[in-house]
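Here is coords37.pdb, consisting of PDB, C-alpha atoms:
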```pdb
ATOM      1  CA  MET V   1      55.342   2.224  10.364  1.00  0.00           C
ATOM      2  CA  ASN V   2      55.080  -0.992  12.382  1.00  0.00           C
ATOM      3  CA  VAL V   3      53.601  -4.188  10.912  1.00  0.00           C
ATOM      4  CA  SER V   4      50.408  -4.263  13.028  1.00  0.00           C
ATOM      5  CA  LEU V   5      49.491  -0.658  12.174  1.00  0.00           C
ATOM      6  CA  ARG V   6      50.131  -1.361   8.492  1.00  0.00           C
ATOM      7  CA  ALA V   7      47.879  -4.464   8.702  1.00  0.00           C
ATOM      8  CA  VAL V   8      45.098  -2.439  10.307  1.00  0.00           C
ATOM      9  CA  LEU V   9      45.348   0.242   7.613  1.00  0.00           C
ATOM     10  CA  VAL V  10      45.257  -2.365   4.841  1.00  0.00           C
ATOM     11  CA  CYS V  11      42.165  -3.987   6.417  1.00  0.00           C
ATOM     12  CA  LEU V  12      40.445  -0.598   6.696  1.00  0.00           C
ATOM     13  CA  ALA V  13      41.257   0.240   3.081  1.00  0.00           C
ATOM     14  CA  LEU V  14      39.947  -3.116   1.857  1.00  0.00           C
ATOM     15  CA  SER V  15      36.794  -2.930   3.953  1.00  0.00           C
ATOM     16  CA  SER V  16      35.980   0.527   2.620  1.00  0.00           C
ATOM     17  CA  ALA V  17      36.076  -0.859  -0.922  1.00  0.00           C
ATOM     18  CA  VAL V  18      33.266  -3.325  -0.170  1.00  0.00           C
ATOM     19  CA  PRO V  19      29.866  -1.852  -1.090  1.00  0.00           C
ATOM     20  CA  ALA V  20      27.353  -1.432   1.696  1.00  0.00           C
ATOM     21  CA  LEU V  21      24.196  -3.506   1.339  1.00  0.00           C
ATOM     22  CA  ALA V  22      21.970  -1.246   3.412  1.00  0.00           C
ATOM     23  CA  THR V  23      19.380   1.073   1.982  1.00  0.00           C
ATOM     24  CA  THR V  24      19.522   4.594   3.355  1.00  0.00           C
ATOM     25  CA  TYR V  25      16.696   7.083   3.597  1.00  0.00           C
ATOM     26  CA  ALA V  26      16.031  10.265   5.531  1.00  0.00           C
ATOM     27  CA  PRO V  27      14.253   9.905   8.881  1.00  0.00           C
ATOM     28  CA  VAL V  28      10.561  10.812   8.771  1.00  0.00           C
ATOM     29  CA  THR V  29       8.745  12.199  11.803  1.00  0.00           C
ATOM     30  CA  PHE V  30       5.242  11.242  12.885  1.00  0.00           C
ATOM     31  CA  ASP V  31       3.897  14.585  11.627  1.00  0.00           C
ATOM     32  CA  GLU V  32       5.568  14.019   8.237  1.00  0.00           C
ATOM     33  CA  LEU V  33       4.029  10.536   8.006  1.00  0.00           C
ATOM     34  CA  VAL V  34       0.575  11.930   8.708  1.00  0.00           C
ATOM     35  CA  ASN V  35       0.921  15.011   6.488  1.00  0.00           C
ATOM     36  CA  THR V  36       2.485  13.386   3.419  1.00  0.00           C
ATOM     37  CA  ALA V  37       0.577  10.090   3.228  1.00  0.00           C
ATOM     38  CA  ASP V  38      -2.163   9.861   0.613  1.00  0.00           C
ATOM     39  CA  VAL V  39      -3.757   6.992   2.498  1.00  0.00           C
ATOM     40  CA  ILE V  40      -3.592   5.880   6.145  1.00  0.00           C
ATOM     41  CA  PHE V  41      -5.311   2.787   7.465  1.00  0.00           C
ATOM     42  CA  ILE V  42      -5.148  -0.098   9.897  1.00  0.00           C
ATOM     43  CA  GLY V  43      -5.425  -3.338   8.013  1.00  0.00           C
ATOM     44  CA  GLU V  44      -4.562  -6.989   7.558  1.00  0.00           C
ATOM     45  CA  VAL V  45      -2.589  -8.498   4.678  1.00  0.00           C
ATOM     46  CA  THR V  46      -4.868 -10.877   2.766  1.00  0.00           C
ATOM     47  CA  ASP V  47      -2.722 -11.659  -0.277  1.00  0.00           C
ATOM     48  CA  VAL V  48       0.924 -11.354  -1.330  1.00  0.00           C
ATOM     49  CA  ARG V  49       1.408 -12.132  -5.007  1.00  0.00           C
ATOM     50  CA  PRO V  50       4.625 -11.693  -7.015  1.00  0.00           C
ATOM     51  CA  TYR V  51       4.372 -11.086 -10.772  1.00  0.00           C
ATOM     52  CA  THR V  52       6.688 -10.269 -13.632  1.00  0.00           C
ATOM     53  CA  LEU V  53       6.648  -7.033 -15.553  1.00  0.00           C
ATOM     54  CA  GLU V  54       8.291  -6.504 -18.931  1.00  0.00           C
ATOM     55  CA  THR V  55      10.152  -3.205 -19.237  1.00  0.00           C
ATOM     56  CA  ARG V  56      12.327  -1.834 -22.044  1.00  0.00           C
ATOM     57  CA  ASP V  57      15.340  -2.858 -19.917  1.00  0.00           C
ATOM     58  CA  GLY V  58      14.138  -6.421 -19.305  1.00  0.00           C
ATOM     59  CA  THR V  59      11.905  -8.357 -16.962  1.00  0.00           C
ATOM     60  CA  ILE V  60      11.468  -7.267 -13.365  1.00  0.00           C
ATOM     61  CA  ILE V  61       9.605  -8.825 -10.468  1.00  0.00           C
ATOM     62  CA  ASN V  62       7.075  -6.851  -8.462  1.00  0.00           C
ATOM     63  CA  THR V  63       4.844  -7.987  -5.626  1.00  0.00           C
ATOM     64  CA  ARG V  64       1.239  -6.896  -5.149  1.00  0.00           C
ATOM     65  CA  VAL V  65       0.174  -6.784  -1.504  1.00  0.00           C
ATOM     66  CA  VAL V  66      -3.562  -6.690  -0.771  1.00  0.00           C
ATOM     67  CA  PHE V  67      -4.889  -5.405   2.551  1.00  0.00           C
ATOM     68  CA  ARG V  68      -8.301  -5.742   4.156  1.00  0.00           C
ATOM     69  CA  VAL V  69      -8.909  -2.293   5.610  1.00  0.00           C
ATOM     70  CA  GLU V  70     -10.078  -2.611   9.227  1.00  0.00           C
ATOM     71  CA  ASP V  71     -10.021   1.092  10.024  1.00  0.00           C
ATOM     72  CA  PRO V  72      -9.732   3.711   7.251  1.00  0.00           C
ATOM     73  CA  LEU V  73      -8.110   6.790   8.787  1.00  0.00           C
ATOM     74  CA  TRP V  74      -7.333   8.960   5.744  1.00  0.00           C
ATOM     75  CA  GLY V  75      -7.675   8.856   1.974  1.00  0.00           C
ATOM     76  CA  THR V  76      -9.723   5.681   1.650  1.00  0.00           C
ATOM     77  CA  SER V  77     -13.222   4.425   2.249  1.00  0.00           C
ATOM     78  CA  SER V  78     -12.496   1.115   0.564  1.00  0.00           C
ATOM     79  CA  ALA V  79     -12.690  -2.266   2.278  1.00  0.00           C
ATOM     80  CA  VAL V  80      -9.580  -3.335   0.314  1.00  0.00           C
ATOM     81  CA  GLU V  81      -6.352  -1.566  -0.640  1.00  0.00           C
ATOM     82  CA  ALA V  82      -3.615  -2.970  -2.898  1.00  0.00           C
ATOM     83  CA  PHE V  83      -0.057  -1.717  -3.374  1.00  0.00           C
ATOM     84  CA  ASP V  84       2.740  -2.853  -5.680  1.00  0.00           C
ATOM     85  CA  PHE V  85       6.313  -3.162  -4.438  1.00  0.00           C
ATOM     86  CA  PHE V  86       9.489  -3.735  -6.426  1.00  0.00           C
ATOM     87  CA  GLY V  87      10.965  -7.185  -5.911  1.00  0.00           C
ATOM     88  CA  GLY V  88       9.898 -10.601  -4.826  1.00  0.00           C
ATOM     89  CA  GLU V  89      10.374 -14.193  -5.867  1.00  0.00           C
ATOM     90  CA  TYR V  90       8.820 -15.619  -9.012  1.00  0.00           C
ATOM     91  CA  GLY V  91       9.605 -18.815 -10.886  1.00  0.00           C
ATOM     92  CA  GLY V  92      12.669 -19.548  -8.790  1.00  0.00           C
ATOM     93  CA  LEU V  93      14.170 -16.093  -9.351  1.00  0.00           C
ATOM     94  CA  GLY V  94      14.383 -13.313  -6.798  1.00  0.00           C
ATOM     95  CA  MET V  95      14.765  -9.545  -6.961  1.00  0.00           C
ATOM     96  CA  GLY V  96      14.833  -7.098  -4.137  1.00  0.00           C
ATOM     97  CA  ILE V  97      16.146  -4.011  -2.416  1.00  0.00           C
ATOM     98  CA  ALA V  98      17.905  -4.199   0.935  1.00  0.00           C
ATOM     99  CA  GLU V  99      15.582  -3.417   3.853  1.00  0.00           C
ATOM    100  CA  MET V 100      12.466  -3.233   1.653  1.00  0.00           C
ATOM    101  CA  PRO V 101       9.534  -4.224   3.861  1.00  0.00           C
ATOM    102  CA  THR V 102       8.007  -7.601   3.073  1.00  0.00           C
ATOM    103  CA  PHE V 103       4.558  -8.811   3.998  1.00  0.00           C
ATOM    104  CA  LYS V 104       2.805 -12.092   4.719  1.00  0.00           C
ATOM    105  CA  SER V 105      -0.862 -13.025   4.822  1.00  0.00           C
ATOM    106  CA  GLY V 106      -2.459 -12.466   8.215  1.00  0.00           C
ATOM    107  CA  GLN V 107      -0.019  -9.704   9.177  1.00  0.00           C
ATOM    108  CA  ARG V 108      -1.692  -6.636  10.709  1.00  0.00           C
ATOM    109  CA  VAL V 109      -0.282  -3.164  10.058  1.00  0.00           C
ATOM    110  CA  VAL V 110      -0.836   0.556  10.312  1.00  0.00           C
ATOM    111  CA  MET V 111      -0.029   1.816   6.808  1.00  0.00           C
ATOM    112  CA  PHE V 112       1.008   5.322   5.732  1.00  0.00           C
ATOM    113  CA  ALA V 113       1.300   5.186   1.925  1.00  0.00           C
ATOM    114  CA  HIS V 114       1.518   7.188  -1.290  1.00  0.00           C
ATOM    115  CA  ARG V 115      -0.782   6.475  -4.238  1.00  0.00           C
ATOM    116  CA  ALA V 116       1.776   7.419  -6.910  1.00  0.00           C
ATOM    117  CA  GLN V 117       3.511   4.541  -8.650  1.00  0.00           C
ATOM    118  CA  SER V 118       6.977   3.889  -7.208  1.00  0.00           C
ATOM    119  CA  ILE V 119       9.223   1.023  -6.172  1.00  0.00           C
ATOM    120  CA  ASN V 120       7.787   1.281  -2.656  1.00  0.00           C
ATOM    121  CA  PRO V 121       4.592   3.190  -1.805  1.00  0.00           C
ATOM    122  CA  ILE V 122       5.309   3.343   1.944  1.00  0.00           C
ATOM    123  CA  VAL V 123       6.057   6.851   3.251  1.00  0.00           C
ATOM    124  CA  GLY V 124       9.681   6.954   4.436  1.00  0.00           C
ATOM    125  CA  PHE V 125      10.549   3.617   2.791  1.00  0.00           C
ATOM    126  CA  SER V 126       9.837   1.418   5.837  1.00  0.00           C
ATOM    127  CA  GLN V 127       9.043   4.055   8.437  1.00  0.00           C
ATOM    128  CA  GLY V 128       5.421   4.356   7.312  1.00  0.00           C
ATOM    129  CA  VAL V 129       4.420   0.785   8.112  1.00  0.00           C
ATOM    130  CA  MET V 130       3.905  -0.251  11.714  1.00  0.00           C
ATOM    131  CA  GLN V 131       3.345  -3.814  12.867  1.00  0.00           C
ATOM    132  CA  VAL V 132       0.285  -4.573  15.007  1.00  0.00           C
ATOM    133  CA  GLY V 133       0.120  -7.512  17.375  1.00  0.00           C
ATOM    134  CA  ALA V 134      -1.681  -8.521  20.520  1.00  0.00           C
ATOM    135  CA  ASP V 135       0.132  -8.801  23.846  1.00  0.00           C
ATOM    136  CA  VAL V 136      -0.531 -11.606  26.326  1.00  0.00           C
ATOM    137  CA  SER V 137      -3.654  -9.847  27.604  1.00  0.00           C
ATOM    138  CA  GLY V 138      -5.046  -9.488  24.065  1.00  0.00           C
ATOM    139  CA  THR V 139      -4.366  -5.731  23.804  1.00  0.00           C
ATOM    140  CA  ASP V 140      -3.271  -4.653  20.315  1.00  0.00           C
ATOM    141  CA  ARG V 141       0.128  -2.947  20.397  1.00  0.00           C
ATOM    142  CA  VAL V 142       2.331  -1.216  17.785  1.00  0.00           C
ATOM    143  CA  TRP V 143       5.899  -1.970  16.669  1.00  0.00           C
ATOM    144  CA  THR V 144       8.056  -0.453  13.945  1.00  0.00           C
ATOM    145  CA  ALA V 145       8.685  -2.364  10.703  1.00  0.00           C
ATOM    146  CA  GLU V 146      12.001  -3.436  12.246  1.00  0.00           C
ATOM    147  CA  GLY V 147      10.216  -4.953  15.246  1.00  0.00           C
ATOM    148  CA  MET V 148      11.130  -2.268  17.775  1.00  0.00           C
ATOM    149  CA  PRO V 149       8.374  -1.316  20.250  1.00  0.00           C
ATOM    150  CA  LEU V 150       6.790   2.026  19.360  1.00  0.00           C
ATOM    151  CA  THR V 151       6.477   3.690  22.764  1.00  0.00           C
ATOM    152  CA  ARG V 152       5.662   7.267  21.651  1.00  0.00           C
ATOM    153  CA  THR V 153       4.893   8.984  18.366  1.00  0.00           C
ATOM    154  CA  ASP V 154       7.783  11.426  18.778  1.00  0.00           C
ATOM    155  CA  ALA V 155      10.152   8.427  18.658  1.00  0.00           C
ATOM    156  CA  ILE V 156       9.298   7.971  14.964  1.00  0.00           C
ATOM    157  CA  GLY V 157      12.200   9.325  12.920  1.00  0.00           C
ATOM    158  CA  SER V 158      14.578   9.410  15.880  1.00  0.00           C
ATOM    159  CA  PRO V 159      17.476   7.003  16.400  1.00  0.00           C
ATOM    160  CA  ILE V 160      16.315   3.574  17.497  1.00  0.00           C
ATOM    161  CA  THR V 161      16.852   2.908  21.167  1.00  0.00           C
ATOM    162  CA  VAL V 162      16.069  -0.262  23.065  1.00  0.00           C
ATOM    163  CA  THR V 163      13.515   0.396  25.751  1.00  0.00           C
ATOM    164  CA  PRO V 164      11.993  -1.872  28.382  1.00  0.00           C
ATOM    165  CA  MET V 165       8.634  -0.110  27.960  1.00  0.00           C
ATOM    166  CA  LEU V 166       5.629  -1.782  26.359  1.00  0.00           C
ATOM    167  CA  PRO V 167       4.739  -0.689  22.839  1.00  0.00           C
ATOM    168  CA  MET V 168       1.896   1.804  22.470  1.00  0.00           C
ATOM    169  CA  ARG V 169      -1.607   0.448  22.413  1.00  0.00           C
ATOM    170  CA  LEU V 170      -3.062   0.504  18.917  1.00  0.00           C
ATOM    171  CA  ARG V 171      -6.068   2.529  20.058  1.00  0.00           C
ATOM    172  CA  ASP V 172      -3.740   5.227  21.518  1.00  0.00           C
ATOM    173  CA  PHE V 173      -1.702   5.342  18.293  1.00  0.00           C
ATOM    174  CA  ARG V 174      -4.921   5.587  16.284  1.00  0.00           C
ATOM    175  CA  THR V 175      -6.117   8.467  18.478  1.00  0.00           C
ATOM    176  CA  ARG V 176      -2.814  10.321  17.928  1.00  0.00           C
ATOM    177  CA  ILE V 177      -3.139   9.848  14.172  1.00  0.00           C
ATOM    178  CA  ALA V 178      -6.727  11.130  14.222  1.00  0.00           C
ATOM    179  CA  THR V 179      -5.675  14.162  16.294  1.00  0.00           C
ATOM    180  CA  ALA V 180      -2.826  14.941  13.884  1.00  0.00           C
ATOM    181  CA  LEU V 181      -5.220  14.599  10.926  1.00  0.00           C
ATOM    182  CA  GLU V 182      -7.525  17.257  12.389  1.00  0.00           C
ATOM    183  CA  GLY V 183      -5.037  19.911  11.311  1.00  0.00           C
ATOM    184  CA  ARG V 184      -4.859  18.408   7.826  1.00  0.00           C
ATOM    185  CA  ARG V 185      -8.638  18.462   7.350  1.00  0.00           C
ATOM    186  CA  ARG V 186      -8.889  22.209   7.836  1.00  0.00           C
TER     187      ARG V 186
END
```

Starting from the file, give its structure as structure tokens.
Amino acid sequence: MNVSLRAVLVCLALSSAVPALATTYAPVTFDELVNTADVIFIGEVTDVRPYTLETRDGTIINTRVVFRVEDPLWGTSSAVEAFDFFGGEYGGLGMGIAEMPTFKSGQRVVMFAHRAQSINPIVGFSQGVMQVGADVSGTDRVWTAEGMPLTRTDAIGSPITVTPMLPMRLRDFRTRIATALEGRRR
């Protein structure tokens, strides 16, 4: 075996011993988001507050995120919704999970969430939170949690591809959610 091949094999062996820092989860389709969420709404983050929680295994940090509900689509009639997420920064210490969505006050989102207590209430880990922002003309548009433009609902749960198309308008995404919910209401 020549020296360069041996070096490549040693590098591959060493790199496979390094743990991956990514969080993996199964892809979730648009229909699965709509049909498994306990609550769906369009809202704005009004408060992000980390806190400590004593468990039998020690102290952990969670973060409570409070949303002002602009448009309740399913499972809520409240003007405010709050969800707790594992991780955050408190007292100079930080805890977290790779790729866990984070929020900041003023951020607008479309949220698909579970009510049951968990480390992350978002359906599909990060797939059930969409970013909302206005384009240069003031039209609200939708992006994935990762910042990719959401161009069609059937793209949710499929491999991410870069597209030159504009993200969907929020009102069109909302209409597609409402249409999909019609089957759930029956």

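Distances from V:Ala145, V:Leu73, V:Val66, V:Val39 to Thr175 (chain V) were compared using only C-alpha atoms, and the smallest one belongs to V:Leu73.
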
Any idea what the distance is between CA of Phe67 (chain V) and CA of Asp47 (chain V)?
->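 Separation between CA of Phe67 (chain V) and CA of Asp47 (chain V): 7.2 Å.
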
Shell of 8 Å around Ala79 (chain V), all atoms listed in the file, local chain residues under 3 positions omitted, as a PyMOL selection string | chain V and resi 68-70

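Closest approach to Gln117 (chain V) among V:Pro27, V:Asp154, V:Ala82, V:Val45 is made by V:Ala82 (distances from all atoms listed in the file).
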
Neighbours of Asp71 (chain V) within 10 Å (only C-alpha atoms; same-chain residues fewer than 2 positions away dropped), as an MDAnalysis selection string?
-> chainID V and resid 40:43 68:69 73:74 76:79 110 174

Closest of V:Thr144, V:Ser118, V:Gln131, V:Asn62 to Glu44 (chain V), counting all atoms listed in the file, is V:Gln131

Mind giving me the straight-line distance from CA of Val129 (chain V) to CA of Pro50 (chain V) in Å, one decimal?
->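 Taking CA of Val129 (chain V) and CA of Pro50 (chain V), their separation equals 19.6 Å.
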
Can you give me, as a PyMOL selection string, the residues this file yields under the PyMOL selection byres ((chain V and resi 132) around 8)?
-> chain V and resi 107-110+130-131+133-134+140-143+170
